[in-house]
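Everything below belongs to entry.cif, which stores mmCIF, C-alpha atoms and all ligand atoms.
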```
data_final
loop_
_atom_site.group_PDB
_atom_site.id
_atom_site.type_symbol
_atom_site.label_atom_id
_atom_site.label_comp_id
_atom_site.auth_asym_id
_atom_site.auth_seq_id
_atom_site.Cartn_x
_atom_site.Cartn_y
_atom_site.Cartn_z
ATOM 1 C CA MET A 29 137.602 18.476 235.767
ATOM 2 C CA ASN A 30 136.673 22.139 236.269
ATOM 3 C CA GLN A 31 136.446 22.788 232.535
ATOM 4 C CA ILE A 32 134.188 19.762 232.195
ATOM 5 C CA ILE A 33 131.967 21.133 234.957
ATOM 6 C CA ASP A 34 131.783 24.488 233.114
ATOM 7 C CA VAL A 35 130.711 22.746 229.900
ATOM 8 C CA ILE A 36 128.068 20.752 231.797
ATOM 9 C CA ASN A 37 126.713 23.855 233.487
ATOM 10 C CA SER A 38 126.476 25.826 230.269
ATOM 11 C CA SER A 39 125.017 23.117 227.973
ATOM 12 C CA LYS A 40 121.342 22.269 227.724
ATOM 13 C CA THR A 41 121.263 19.022 225.771
ATOM 14 C CA PHE A 42 123.476 15.956 226.235
ATOM 15 C CA ILE A 43 124.002 12.667 224.485
ATOM 16 C CA ILE A 44 125.779 10.039 226.576
ATOM 17 C CA THR A 45 127.460 7.093 224.939
ATOM 18 C CA SER A 46 130.130 4.481 225.563
ATOM 19 C CA HIS A 47 132.003 1.520 224.122
ATOM 20 C CA VAL A 48 130.600 -1.516 222.312
ATOM 21 C CA ALA A 49 130.099 -4.723 224.331
ATOM 22 C CA PRO A 50 128.521 -3.017 227.355
ATOM 23 C CA ASP A 51 129.642 -3.980 230.865
ATOM 24 C CA GLY A 52 128.733 -2.963 234.408
ATOM 25 C CA ASP A 53 130.975 0.080 234.463
ATOM 26 C CA ASN A 54 129.994 1.616 231.164
ATOM 27 C CA VAL A 55 126.276 0.976 231.687
ATOM 28 C CA GLY A 56 126.423 2.085 235.339
ATOM 29 C CA SER A 57 128.335 5.284 234.665
ATOM 30 C CA SER A 58 126.183 6.131 231.622
ATOM 31 C CA LEU A 59 122.889 5.647 233.440
ATOM 32 C CA ALA A 60 124.138 7.581 236.461
ATOM 33 C CA LEU A 61 125.248 10.558 234.408
ATOM 34 C CA THR A 62 122.104 10.520 232.224
ATOM 35 C CA TRP A 63 119.888 10.597 235.337
ATOM 36 C CA PHE A 64 122.046 13.149 237.127
ATOM 37 C CA LEU A 65 121.904 15.577 234.181
ATOM 38 C CA ARG A 66 118.112 15.226 234.120
ATOM 39 C CA ALA A 67 118.042 15.943 237.857
ATOM 40 C CA MET A 68 119.952 19.146 237.029
ATOM 41 C CA GLY A 69 117.112 20.063 234.656
ATOM 42 C CA LYS A 70 119.030 19.196 231.481
ATOM 43 C CA GLU A 71 117.884 17.140 228.536
ATOM 44 C CA SER A 72 119.935 13.934 228.291
ATOM 45 C CA TYR A 73 119.797 10.839 226.106
ATOM 46 C CA TYR A 74 121.681 7.582 226.539
ATOM 47 C CA VAL A 75 122.555 6.177 223.132
ATOM 48 C CA LEU A 76 124.297 2.852 222.569
ATOM 49 C CA ASN A 77 124.093 0.711 219.426
ATOM 50 C CA ASP A 78 124.550 -2.713 220.957
ATOM 51 C CA SER A 79 122.748 -5.424 222.915
ATOM 52 C CA PHE A 80 122.983 -5.552 226.695
ATOM 53 C CA PRO A 81 123.958 -8.375 229.038
ATOM 54 C CA GLN A 82 120.964 -9.883 230.776
ATOM 55 C CA ASN A 83 122.445 -9.465 234.260
ATOM 56 C CA LEU A 84 122.336 -5.648 234.000
ATOM 57 C CA ALA A 85 118.606 -5.464 233.277
ATOM 58 C CA PHE A 86 117.918 -4.676 236.959
ATOM 59 C CA LEU A 87 119.802 -1.391 236.502
ATOM 60 C CA TYR A 88 118.228 0.232 233.502
ATOM 61 C CA GLY A 89 114.699 -0.879 234.383
ATOM 62 C CA ASN A 90 112.311 1.323 232.405
ATOM 63 C CA GLU A 91 115.037 3.586 231.035
ATOM 64 C CA LYS A 92 114.891 3.614 227.247
ATOM 65 C CA ILE A 93 118.394 3.226 225.849
ATOM 66 C CA LEU A 94 118.300 4.588 222.308
ATOM 67 C CA GLU A 95 119.950 3.410 219.102
ATOM 68 C CA SER A 96 121.541 6.172 217.009
ATOM 69 C CA SER A 97 118.703 5.971 214.457
ATOM 70 C CA GLU A 98 116.114 6.682 217.157
ATOM 71 C CA LEU A 99 117.502 10.128 217.970
ATOM 72 C CA SER A 100 115.279 12.715 216.331
ATOM 73 C CA LYS A 101 116.587 15.081 213.654
ATOM 74 C CA GLN A 102 115.491 17.915 215.899
ATOM 75 C CA ILE A 103 117.970 16.917 218.598
ATOM 76 C CA LEU A 104 120.765 16.367 216.104
ATOM 77 C CA SER A 105 120.257 19.719 214.437
ATOM 78 C CA SER A 106 120.338 21.572 217.772
ATOM 79 C CA GLU A 107 123.393 22.243 219.908
ATOM 80 C CA TYR A 108 124.386 19.284 222.033
ATOM 81 C CA THR A 109 127.310 18.031 224.079
ATOM 82 C CA LEU A 110 128.400 14.448 223.507
ATOM 83 C CA ILE A 111 129.868 12.651 226.513
ATOM 84 C CA ALA A 112 131.937 9.518 225.839
ATOM 85 C CA LEU A 113 132.272 7.352 228.954
ATOM 86 C CA ASP A 114 134.617 4.462 229.686
ATOM 87 C CA CYS A 115 135.987 4.322 226.155
ATOM 88 C CA GLY A 116 139.668 4.619 225.262
ATOM 89 C CA ASP A 117 139.242 4.855 221.510
ATOM 90 C CA ILE A 118 136.836 7.073 219.552
ATOM 91 C CA ASN A 119 136.387 4.295 216.962
ATOM 92 C CA ARG A 120 135.036 1.985 219.647
ATOM 93 C CA LEU A 121 132.148 4.288 220.553
ATOM 94 C CA ALA A 122 128.851 2.507 219.934
ATOM 95 C CA ILE A 123 127.185 5.471 218.237
ATOM 96 C CA GLY A 124 126.784 6.808 214.688
ATOM 97 C CA LYS A 125 129.774 8.742 213.333
ATOM 98 C CA ASP A 126 127.487 11.628 212.296
ATOM 99 C CA ILE A 127 126.421 12.081 215.932
ATOM 100 C CA ILE A 128 130.080 12.389 216.931
ATOM 101 C CA ASN A 129 130.843 14.789 214.092
ATOM 102 C CA THR A 130 127.991 17.218 214.653
ATOM 103 C CA ALA A 131 128.418 17.478 218.435
ATOM 104 C CA ASN A 132 129.193 20.956 219.679
ATOM 105 C CA THR A 133 131.575 19.681 222.306
ATOM 106 C CA LEU A 134 132.957 16.214 222.964
ATOM 107 C CA LEU A 135 133.782 15.271 226.564
ATOM 108 C CA ASN A 136 135.902 12.196 227.196
ATOM 109 C CA ILE A 137 135.668 10.687 230.687
ATOM 110 C CA ASP A 138 137.584 7.457 231.089
ATOM 111 C CA HIS A 139 140.150 5.324 232.944
ATOM 112 C CA HIS A 140 141.633 3.169 230.135
ATOM 113 C CA GLN A 141 145.386 3.227 229.912
ATOM 114 C CA SER A 142 145.062 3.173 226.127
ATOM 115 C CA ASN A 143 142.950 6.385 226.070
ATOM 116 C CA ASN A 144 144.404 8.865 223.588
ATOM 117 C CA GLU A 145 142.469 11.935 224.867
ATOM 118 C CA PHE A 146 140.243 12.271 221.810
ATOM 119 C CA GLY A 147 137.802 14.727 223.425
ATOM 120 C CA ASP A 148 137.651 18.514 223.320
ATOM 121 C CA TYR A 149 137.949 18.163 227.084
ATOM 122 C CA ASN A 150 139.312 15.047 228.748
ATOM 123 C CA TYR A 151 138.964 13.728 232.266
ATOM 124 C CA VAL A 152 141.113 10.615 231.993
ATOM 125 C CA VAL A 153 142.604 9.034 235.099
ATOM 126 C CA THR A 154 144.240 5.740 234.195
ATOM 127 C CA ASP A 155 144.679 4.510 237.753
ATOM 128 C CA ALA A 156 141.047 5.154 238.716
ATOM 129 C CA SER A 157 139.115 2.012 239.617
ATOM 130 C CA SER A 158 136.343 2.684 237.134
ATOM 131 C CA THR A 159 134.670 5.341 235.044
ATOM 132 C CA SER A 160 131.893 5.187 237.613
ATOM 133 C CA GLU A 161 134.367 6.520 240.177
ATOM 134 C CA LEU A 162 135.226 9.447 237.882
ATOM 135 C CA VAL A 163 131.543 10.212 237.277
ATOM 136 C CA TYR A 164 131.004 9.996 241.035
ATOM 137 C CA ASN A 165 133.815 12.532 241.645
ATOM 138 C CA LEU A 166 132.385 14.823 239.010
ATOM 139 C CA ILE A 167 128.744 14.786 240.085
ATOM 140 C CA SER A 168 129.606 14.945 243.794
ATOM 141 C CA LYS A 169 131.433 18.161 243.010
ATOM 142 C CA ILE A 170 128.507 19.572 241.005
ATOM 143 C CA ASP A 171 125.746 18.746 243.509
ATOM 144 C CA ASP A 172 126.012 15.915 245.988
ATOM 145 C CA ASN A 173 122.312 16.294 246.874
ATOM 146 C CA LEU A 174 121.152 15.240 243.419
ATOM 147 C CA ILE A 175 122.588 11.720 243.829
ATOM 148 C CA SER A 176 119.408 9.643 244.163
ATOM 149 C CA PRO A 177 119.339 5.980 245.294
ATOM 150 C CA LYS A 178 118.992 4.979 241.609
ATOM 151 C CA ILE A 179 122.098 6.951 240.649
ATOM 152 C CA ALA A 180 123.973 5.553 243.662
ATOM 153 C CA GLN A 181 123.009 2.033 242.608
ATOM 154 C CA ALA A 182 124.248 2.534 239.043
ATOM 155 C CA LEU A 183 127.616 3.909 240.208
ATOM 156 C CA TYR A 184 127.994 1.206 242.851
ATOM 157 C CA THR A 185 127.441 -1.446 240.157
ATOM 158 C CA GLY A 186 130.181 0.047 237.968
ATOM 159 C CA LEU A 187 132.575 0.155 240.894
ATOM 160 C CA VAL A 188 131.871 -3.421 241.988
ATOM 161 C CA THR A 189 132.139 -4.922 238.499
ATOM 162 C CA ASP A 190 135.295 -3.075 237.409
ATOM 163 C CA THR A 191 137.136 -3.943 240.623
ATOM 164 C CA GLY A 192 135.974 -7.582 240.540
ATOM 165 C CA ARG A 193 134.106 -7.035 243.827
ATOM 166 C CA PHE A 194 137.005 -4.975 245.242
ATOM 167 C CA GLN A 195 139.605 -7.690 244.670
ATOM 168 C CA TYR A 196 141.713 -6.207 241.799
ATOM 169 C CA ASP A 197 144.568 -3.827 242.531
ATOM 170 C CA ASN A 198 142.639 -0.893 241.028
ATOM 171 C CA ALA A 199 140.393 -0.934 244.132
ATOM 172 C CA ASN A 200 141.999 1.665 246.351
ATOM 173 C CA LYS A 201 141.083 3.694 249.400
ATOM 174 C CA SER A 202 138.951 6.155 247.412
ATOM 175 C CA SER A 203 136.938 3.238 245.989
ATOM 176 C CA PHE A 204 135.992 2.035 249.473
ATOM 177 C CA LEU A 205 135.118 5.553 250.604
ATOM 178 C CA MET A 206 132.965 5.949 247.489
ATOM 179 C CA ALA A 207 131.246 2.620 248.174
ATOM 180 C CA ALA A 208 130.458 3.668 251.743
ATOM 181 C CA ASP A 209 129.055 7.005 250.574
ATOM 182 C CA LEU A 210 126.915 5.340 247.874
ATOM 183 C CA LEU A 211 125.496 2.891 250.427
ATOM 184 C CA SER A 212 124.525 5.840 252.591
ATOM 185 C CA LYS A 213 122.848 7.401 249.535
ATOM 186 C CA GLY A 214 120.668 4.326 249.001
ATOM 187 C CA ALA A 215 122.642 1.853 246.887
ATOM 188 C CA ASP A 216 121.384 -1.688 247.534
ATOM 189 C CA LYS A 217 124.497 -3.879 247.618
ATOM 190 C CA GLN A 218 122.609 -7.161 247.929
ATOM 191 C CA GLU A 219 120.591 -6.404 244.824
ATOM 192 C CA VAL A 220 123.871 -5.991 242.919
ATOM 193 C CA THR A 221 125.244 -9.258 244.325
ATOM 194 C CA ARG A 222 122.051 -11.169 243.528
ATOM 195 C CA SER A 223 121.594 -9.729 240.059
ATOM 196 C CA ILE A 224 125.182 -9.990 238.861
ATOM 197 C CA TYR A 225 126.794 -12.797 240.824
ATOM 198 C CA GLN A 226 123.949 -15.025 241.976
ATOM 199 C CA SER A 227 121.757 -15.271 238.889
ATOM 200 C CA ASP A 228 123.726 -17.541 236.552
ATOM 201 C CA SER A 229 121.477 -19.638 234.361
ATOM 202 C CA PHE A 230 121.830 -23.421 234.407
ATOM 203 C CA ASP A 231 122.939 -23.344 230.764
ATOM 204 C CA TYR A 232 125.571 -20.696 231.518
ATOM 205 C CA VAL A 233 127.115 -22.885 234.219
ATOM 206 C CA LYS A 234 127.130 -25.860 231.846
ATOM 207 C CA LEU A 235 128.794 -23.704 229.191
ATOM 208 C CA SER A 236 131.363 -22.569 231.777
ATOM 209 C CA ALA A 237 132.163 -26.194 232.555
ATOM 210 C CA GLU A 238 132.708 -26.973 228.882
ATOM 211 C CA THR A 239 134.857 -23.862 228.421
ATOM 212 C CA VAL A 240 136.937 -24.686 231.505
ATOM 213 C CA SER A 241 137.495 -28.168 230.087
ATOM 214 C CA THR A 242 139.583 -26.518 227.315
ATOM 215 C CA LEU A 243 141.926 -24.955 229.903
ATOM 216 C CA GLU A 244 145.646 -25.270 229.190
ATOM 217 C CA LYS A 245 148.553 -24.098 231.343
ATOM 218 C CA GLU A 246 152.023 -23.278 230.110
ATOM 219 C CA GLY A 247 154.440 -21.843 232.676
ATOM 220 C CA ILE A 248 152.923 -18.678 234.141
ATOM 221 C CA PHE A 249 150.106 -18.361 231.615
ATOM 222 C CA SER A 250 146.943 -20.264 230.926
ATOM 223 C CA TYR A 251 144.233 -20.044 228.304
ATOM 224 C CA MET A 252 140.836 -21.362 227.281
ATOM 225 C CA VAL A 253 138.872 -21.413 224.053
ATOM 226 C CA LEU A 254 135.166 -20.703 223.559
ATOM 227 C CA GLU A 255 133.777 -21.712 220.182
ATOM 228 C CA THR A 256 130.599 -20.311 218.631
ATOM 229 C CA LYS A 257 129.097 -23.799 218.474
ATOM 230 C CA MET A 258 129.419 -24.072 222.285
ATOM 231 C CA LEU A 259 127.368 -20.868 222.692
ATOM 232 C CA GLU A 260 124.799 -22.270 220.288
ATOM 233 C CA LYS A 261 124.669 -25.608 222.070
ATOM 234 C CA TYR A 262 123.741 -23.956 225.376
ATOM 235 C CA GLY A 263 121.782 -21.017 223.962
ATOM 236 C CA VAL A 264 123.976 -18.513 225.823
ATOM 237 C CA SER A 265 124.595 -15.172 224.162
ATOM 238 C CA TYR A 266 128.045 -13.776 223.551
ATOM 239 C CA GLU A 267 127.331 -10.735 225.796
ATOM 240 C CA ASP A 268 126.803 -13.002 228.793
ATOM 241 C CA THR A 269 130.301 -14.539 228.759
ATOM 242 C CA GLU A 270 132.270 -11.549 230.078
ATOM 243 C CA ASN A 271 133.325 -13.233 233.340
ATOM 244 C CA LEU A 272 134.546 -16.584 231.987
ATOM 245 C CA VAL A 273 138.089 -15.297 231.488
ATOM 246 C CA ASN A 274 138.560 -15.139 235.265
ATOM 247 C CA TYR A 275 138.970 -18.914 235.452
ATOM 248 C CA THR A 276 142.259 -18.571 233.572
ATOM 249 C CA VAL A 277 143.931 -16.061 235.879
ATOM 250 C CA ASN A 278 142.561 -17.335 239.180
ATOM 251 C CA LEU A 279 144.847 -20.388 238.996
ATOM 252 C CA ASP A 280 147.668 -20.730 241.484
ATOM 253 C CA GLY A 281 151.019 -20.006 239.848
ATOM 254 C CA VAL A 282 149.437 -18.249 236.877
ATOM 255 C CA GLU A 283 150.128 -14.561 236.214
ATOM 256 C CA LEU A 284 148.507 -14.214 232.800
ATOM 257 C CA GLY A 285 145.174 -15.640 231.673
ATOM 258 C CA ILE A 286 143.743 -15.574 228.170
ATOM 259 C CA LEU A 287 140.317 -16.412 226.767
ATOM 260 C CA PHE A 288 139.755 -16.792 223.023
ATOM 261 C CA LYS A 289 136.143 -16.294 221.952
ATOM 262 C CA GLU A 290 135.171 -17.165 218.431
ATOM 263 C CA ARG A 291 132.736 -14.757 216.725
ATOM 264 C CA GLY A 292 131.557 -16.187 213.436
ATOM 265 C CA SER A 293 134.085 -17.842 211.132
ATOM 266 C CA ASN A 294 136.619 -15.075 210.840
ATOM 267 C CA GLN A 295 136.704 -13.083 214.039
ATOM 268 C CA VAL A 296 138.112 -13.846 217.472
ATOM 269 C CA LYS A 297 137.800 -11.726 220.588
ATOM 270 C CA VAL A 298 140.767 -12.214 222.912
ATOM 271 C CA SER A 299 140.546 -11.231 226.592
ATOM 272 C CA PHE A 300 143.664 -10.888 228.727
ATOM 273 C CA ARG A 301 143.865 -10.755 232.536
ATOM 274 C CA SER A 302 146.907 -10.509 234.764
ATOM 275 C CA LYS A 303 147.390 -10.776 238.494
ATOM 276 C CA GLN A 304 150.389 -8.771 239.606
ATOM 277 C CA PHE A 305 153.023 -7.611 237.174
ATOM 278 C CA ILE A 306 152.251 -8.168 233.493
ATOM 279 C CA ASN A 307 150.831 -5.137 231.685
ATOM 280 C CA VAL A 308 148.175 -6.707 229.475
ATOM 281 C CA ASN A 309 147.321 -3.351 227.907
ATOM 282 C CA GLU A 310 150.737 -3.542 226.276
ATOM 283 C CA ILE A 311 150.081 -7.064 224.989
ATOM 284 C CA ALA A 312 146.607 -6.237 223.648
ATOM 285 C CA SER A 313 147.879 -3.125 221.886
ATOM 286 C CA LYS A 314 150.220 -5.319 219.796
ATOM 287 C CA PHE A 315 147.000 -6.630 218.223
ATOM 288 C CA ASP A 316 145.319 -3.194 217.932
ATOM 289 C CA GLY A 317 143.408 -3.630 221.165
ATOM 290 C CA GLY A 318 143.848 -2.067 224.570
ATOM 291 C CA GLY A 319 142.440 -1.624 228.042
ATOM 292 C CA HIS A 320 144.060 -1.596 231.444
ATOM 293 C CA MET A 321 147.192 -2.985 233.130
ATOM 294 C CA ARG A 322 145.328 -6.011 234.510
ATOM 295 C CA ALA A 323 142.460 -6.380 232.016
ATOM 296 C CA ALA A 324 142.555 -5.781 228.295
ATOM 297 C CA GLY A 325 141.327 -7.217 225.020
ATOM 298 C CA CYS A 326 141.597 -7.192 221.275
ATOM 299 C CA THR A 327 139.780 -8.496 218.215
ATOM 300 C CA ILE A 328 141.597 -10.529 215.603
ATOM 301 C CA ASN A 329 140.100 -10.944 212.144
ATOM 302 C CA ASN A 330 141.182 -14.486 211.489
ATOM 303 C CA SER A 331 140.036 -18.051 212.118
ATOM 304 C CA LEU A 332 140.113 -19.387 215.674
ATOM 305 C CA PRO A 333 143.131 -21.738 215.213
ATOM 306 C CA GLU A 334 145.102 -18.978 213.442
ATOM 307 C CA ALA A 335 144.304 -16.391 216.125
ATOM 308 C CA VAL A 336 145.217 -18.802 218.940
ATOM 309 C CA ALA A 337 148.536 -19.681 217.278
ATOM 310 C CA MET A 338 149.368 -16.045 216.585
ATOM 311 C CA VAL A 339 148.691 -14.841 220.127
ATOM 312 C CA LEU A 340 150.350 -17.805 221.844
ATOM 313 C CA ASN A 341 153.493 -17.394 219.747
ATOM 314 C CA TYR A 342 153.624 -13.741 220.651
ATOM 315 C CA ILE A 343 153.066 -14.497 224.356
ATOM 316 C CA ARG A 344 155.824 -17.114 224.417
ATOM 317 C CA GLU A 345 158.244 -14.606 222.864
ATOM 318 C CA TYR A 346 157.092 -11.817 225.166
ATOM 319 C CA LEU A 347 157.584 -13.925 228.300
ATOM 320 C CA LYS A 348 160.970 -15.115 227.069
ATOM 321 C CA GLU A 349 162.111 -11.547 226.428
ATOM 322 C CA HIS A 350 161.197 -10.632 230.005
ATOM 323 C CA GLY A 351 162.700 -13.787 231.469
ATOM 324 C CA TRP A 352 159.268 -15.027 232.637
ATOM 325 C CA ASN A 353 159.155 -18.172 230.507
ATOM 326 C CA HIS A 354 159.372 -20.787 233.236
HETATM 327 MN MN MN A 401 135.627 0.714 233.070
#
```
Will you turn the file into structure tokens for me?
Ligand SMILES: [Mn+2]
Amino acid sequence: MNQIIDVINSSKTFIITSHVAPDGDNVGSSLALTWFLRAMGKESYYVLNDSFPQNLAFLYGNEKILESSELSKQILSSEYTLIALDCGDINRLAIGKDIINTANTLLNIDHHQSNNEFGDYNYVVTDASSTSELVYNLISKIDDNLISPKIAQALYTGLVTDTGRFQYDNANKSSFLMAADLLSKGADKQEVTRSIYQSDSFDYVKLSAETVSTLEKEGIFSYMVLETKMLEKYGVSYEDTENLVNYTVNLDGVELGILFKERGSNQVKVSFRSKQFINVNEIASKFDGGGHMRAAGCTINNSLPEAVAMVLNYIREYLKEHGWNH
């Protein structure tokens, strides 16, 4: 962490980016670090080529999140430090390759188990609750007084979403201490609750019901399927379905939950969640994906029925091998 602090102190211009399919932790940590660097008197830009879930709009407010093409040539031809947040794989960064290649220094700050330390400097702690917690540690060490209520709110959001409101086993003592400190620095916990957990649209709840109706249970695992036509029927966007997978793993007697989400005719996003002992990062990496012990995902370029069959066959074998198939 000290080398990262040295790089931050000595650089003038920063580009912050993160993984595709933005979530509370990557948006929260990115906004917090972008604003903190500006408070230090630095120039910093948050760049992410993707669309954002509606329930995070309260966080970014008027902040302009740039697409790669909107960064001026002037910035790209000057010296800048690129900071990759919450992303285990350089190929998953939602930013133009040229921006990665021409960066003076690449900093990698992350908590994914699958992170392969692709940065010039890496601050990777795989048992940290969230990248927001790592950014919090870092900026508290640089200058605690520059953490404004807005920054506190962004970090608090990342912490709450990545720990599933403090219920997953990645929520540890330091997470609660961080939460308490952020509340004292002006984070508004009820705004986070209202915006993220109490603002479901009517159509989203109807879509959830239809998705849950596909639920199947087989021994200690369960799964559901979300087809593109269901999203179209209810007018819900793909980005807004991040939490549906929880229905699969919250069942009594289930250790492993899987959600298959169809994307077009030949791509399926698979989300894995586990409760106590299955390392889903290991399972997802069999299909070129990754993530954490208790939450991971992968993308399969195949039709929905093919992808479902392929993953379920693998899971059945995997559970059998470990003696968990009953
Ligand atoms: Mn995260």
Measuring atom to atom with only C-alpha atoms and all ligand atoms, identify which of A:Ser38, A:Thr189, A:Leu135, A:Asn90 is nearest to ligand MN 401 (chain A). A:Thr189
Kindly assemble as CSV a list of the chain A residues that lie within 7 Å of ligand MN 401 (chain A), each paired with its nearest atom pair and their distance in Å to one decimal, using only C-alpha atoms and all ligand atoms, sorted first by chain and then by ascending residue number.
```
residue,atom,partner,partner_atom,distance
A:Asp53,CA,A:MN401,MN,4.9
A:Asn54,CA,A:MN401,MN,6.0
A:Asp114,CA,A:MN401,MN,5.1
A:His139,CA,A:MN401,MN,6.5
A:Ser158,CA,A:MN401,MN,4.6
A:Thr159,CA,A:MN401,MN,5.1
A:Asp190,CA,A:MN401,MN,5.8
```
How would you write, as a CSV table (one decimal) with C-alpha atoms, in the coordinates of the input, the residues chosen by the PyMOL selection byres (((chain A and resi 35) around 12) and not hetatm) on this structure?
```
chain,number,residue,atom,x,y,z
A,29,MET,CA,137.6,18.5,235.8
A,30,ASN,CA,136.7,22.1,236.3
A,31,GLN,CA,136.4,22.8,232.5
A,32,ILE,CA,134.2,19.8,232.2
A,33,ILE,CA,132.0,21.1,235.0
A,34,ASP,CA,131.8,24.5,233.1
A,36,ILE,CA,128.1,20.8,231.8
A,37,ASN,CA,126.7,23.9,233.5
A,38,SER,CA,126.5,25.8,230.3
A,39,SER,CA,125.0,23.1,228.0
A,40,LYS,CA,121.3,22.3,227.7
A,41,THR,CA,121.3,19.0,225.8
A,42,PHE,CA,123.5,16.0,226.2
A,108,TYR,CA,124.4,19.3,222.0
A,109,THR,CA,127.3,18.0,224.1
A,110,LEU,CA,128.4,14.4,223.5
A,111,ILE,CA,129.9,12.7,226.5
A,132,ASN,CA,129.2,21.0,219.7
A,133,THR,CA,131.6,19.7,222.3
A,134,LEU,CA,133.0,16.2,223.0
A,135,LEU,CA,133.8,15.3,226.6
A,148,ASP,CA,137.7,18.5,223.3
A,149,TYR,CA,137.9,18.2,227.1
A,150,ASN,CA,139.3,15.0,228.7
A,170,ILE,CA,128.5,19.6,241.0
```
I would like the residues chosen by the PyMOL selection byres (((chain A and resi 72) around 7) and not hetatm) on the shown file; could you give them as a list in words?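 Applied to this file, the PyMOL selection byres (((chain A and resi 72) around 7) and not hetatm) returns Thr41, Phe42, Ile43, Thr62, Leu65, Arg66, Lys70, Glu71, Tyr73 and Tyr74 of chain A.
If you look at CA of Asp138 in chain A and CA of Asp228 in chain A, they are 29.1 Å away from each other.
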Since I can't run it myself right now, could you work out what the PyMOL selection byres (((chain A and resi 221) around 12) and not hetatm) selects here and report it as a count of residues only? 23
Env of Ile248 in chain A: 12 Å cut, atoms = only C-alpha atoms, seq-sep filter 6 positions within chain, self excluded. Answer as a PyMOL selection string. chain A and resi 276-286+302-306+343-344+347-348+351-354
Include C-alpha atoms and write out the residues we just selected as a PDB file, in the coordinates of the input.
```pdb
ATOM      1  CA  THR A 276     142.259 -18.571 233.572  1.00  0.00           C
ATOM      2  CA  VAL A 277     143.931 -16.061 235.879  1.00  0.00           C
ATOM      3  CA  ASN A 278     142.561 -17.335 239.180  1.00  0.00           C
ATOM      4  CA  LEU A 279     144.847 -20.388 238.996  1.00  0.00           C
ATOM      5  CA  ASP A 280     147.668 -20.730 241.484  1.00  0.00           C
ATOM      6  CA  GLY A 281     151.019 -20.006 239.848  1.00  0.00           C
ATOM      7  CA  VAL A 282     149.437 -18.249 236.877  1.00  0.00           C
ATOM      8  CA  GLU A 283     150.128 -14.561 236.214  1.00  0.00           C
ATOM      9  CA  LEU A 284     148.507 -14.214 232.800  1.00  0.00           C
ATOM     10  CA  GLY A 285     145.174 -15.640 231.673  1.00  0.00           C
ATOM     11  CA  ILE A 286     143.743 -15.574 228.170  1.00  0.00           C
ATOM     12  CA  SER A 302     146.907 -10.509 234.764  1.00  0.00           C
ATOM     13  CA  LYS A 303     147.390 -10.776 238.494  1.00  0.00           C
ATOM     14  CA  GLN A 304     150.389  -8.771 239.606  1.00  0.00           C
ATOM     15  CA  PHE A 305     153.023  -7.611 237.174  1.00  0.00           C
ATOM     16  CA  ILE A 306     152.251  -8.168 233.493  1.00  0.00           C
ATOM     17  CA  ILE A 343     153.066 -14.497 224.356  1.00  0.00           C
ATOM     18  CA  ARG A 344     155.824 -17.114 224.417  1.00  0.00           C
ATOM     19  CA  LEU A 347     157.584 -13.925 228.300  1.00  0.00           C
ATOM     20  CA  LYS A 348     160.970 -15.115 227.069  1.00  0.00           C
ATOM     21  CA  GLY A 351     162.700 -13.787 231.469  1.00  0.00           C
ATOM     22  CA  TRP A 352     159.268 -15.027 232.637  1.00  0.00           C
ATOM     23  CA  ASN A 353     159.155 -18.172 230.507  1.00  0.00           C
ATOM     24  CA  HIS A 354     159.372 -20.787 233.236  1.00  0.00           C
TER      25      HIS A 354
END
```
CA of Phe300 in chain A and CA of Glu161 in chain A, how far apart in Å?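 Between these atoms lies a distance of 22.8 Å.
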Would you work out the distance separating CA of Thr242 in chain A from CA of Lys289 in chain A, expressed in Å to one decimal?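 CA of Lys289 in chain A lies 12.0 Å from CA of Thr242 in chain A.
Among A:Thr45, A:Ser212, A:Ser202, A:Asn330, the residue with the shortest atom-to-atom distance to Ser176 in chain A, counting only C-alpha atoms, is A:Ser212.
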I want to know what sits within 6 Å of Asn77 in chain A, based on only C-alpha atoms, with residues of the same chain fewer than 3 positions away left out; could you give that as a compact mmCIF listing (two decimals) with C-alpha atoms, keeping the file's coordinate frame?
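Output file around-v2.txt is given in full below:
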```
# COMPACT_ATOMS: atom_id res chain seq x y z
CA GLU A 95 119.95 3.41 219.10
CA ALA A 122 128.85 2.51 219.93
CA ILE A 123 127.18 5.47 218.24
```
5 Å per side around range 160-171 of chain A: axis-aligned box centre and edge lengths, as AutoDock Vina command-line options:
```
--center_x 130.5 --center_y 12.4 --center_z 240.5 --size_x 19.5 --size_y 24.4 --size_z 16.5
```
Contacts of Gly124 in chain A within 6 Å, only C-alpha atoms, excl. fewer than 2 positions in-chain, as a list in words: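 Once the nearby chain positions are removed, what remains is Ser96, Asp126 and Ile127 of chain A.
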Contacts of Ser160 in chain A within 6 Å, only C-alpha atoms, excl. fewer than 4 positions in-chain, as a VMD selection string: chain A and resid 57 164 183 186
Contact residues around Thr191 in chain A with only C-alpha atoms at 10 Å, ignoring same-chain residues under 4 positions, as a list of chain:residue names: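 So the residues in contact are A:Asp53, A:Ser157, A:Ser158, A:Gly186, A:Leu187, A:Gln195, A:Tyr196, A:Asp197, A:Asn198, A:Ala199, A:Asn200, A:Ser203.
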Let's have the selection written as a short mmCIF file (atom, residue, chain, number, x, y, z; two decimals), in the frame of the given file, with C-alpha atoms.
```cif
data_model
loop_
_atom_site.label_atom_id
_atom_site.label_comp_id
_atom_site.auth_asym_id
_atom_site.auth_seq_id
_atom_site.Cartn_x
_atom_site.Cartn_y
_atom_site.Cartn_z
CA ASP A 53 130.98 0.08 234.46
CA SER A 157 139.12 2.01 239.62
CA SER A 158 136.34 2.68 237.13
CA GLY A 186 130.18 0.05 237.97
CA LEU A 187 132.57 0.16 240.89
CA GLN A 195 139.60 -7.69 244.67
CA TYR A 196 141.71 -6.21 241.80
CA ASP A 197 144.57 -3.83 242.53
CA ASN A 198 142.64 -0.89 241.03
CA ALA A 199 140.39 -0.93 244.13
CA ASN A 200 142.00 1.66 246.35
CA SER A 203 136.94 3.24 245.99
#
```
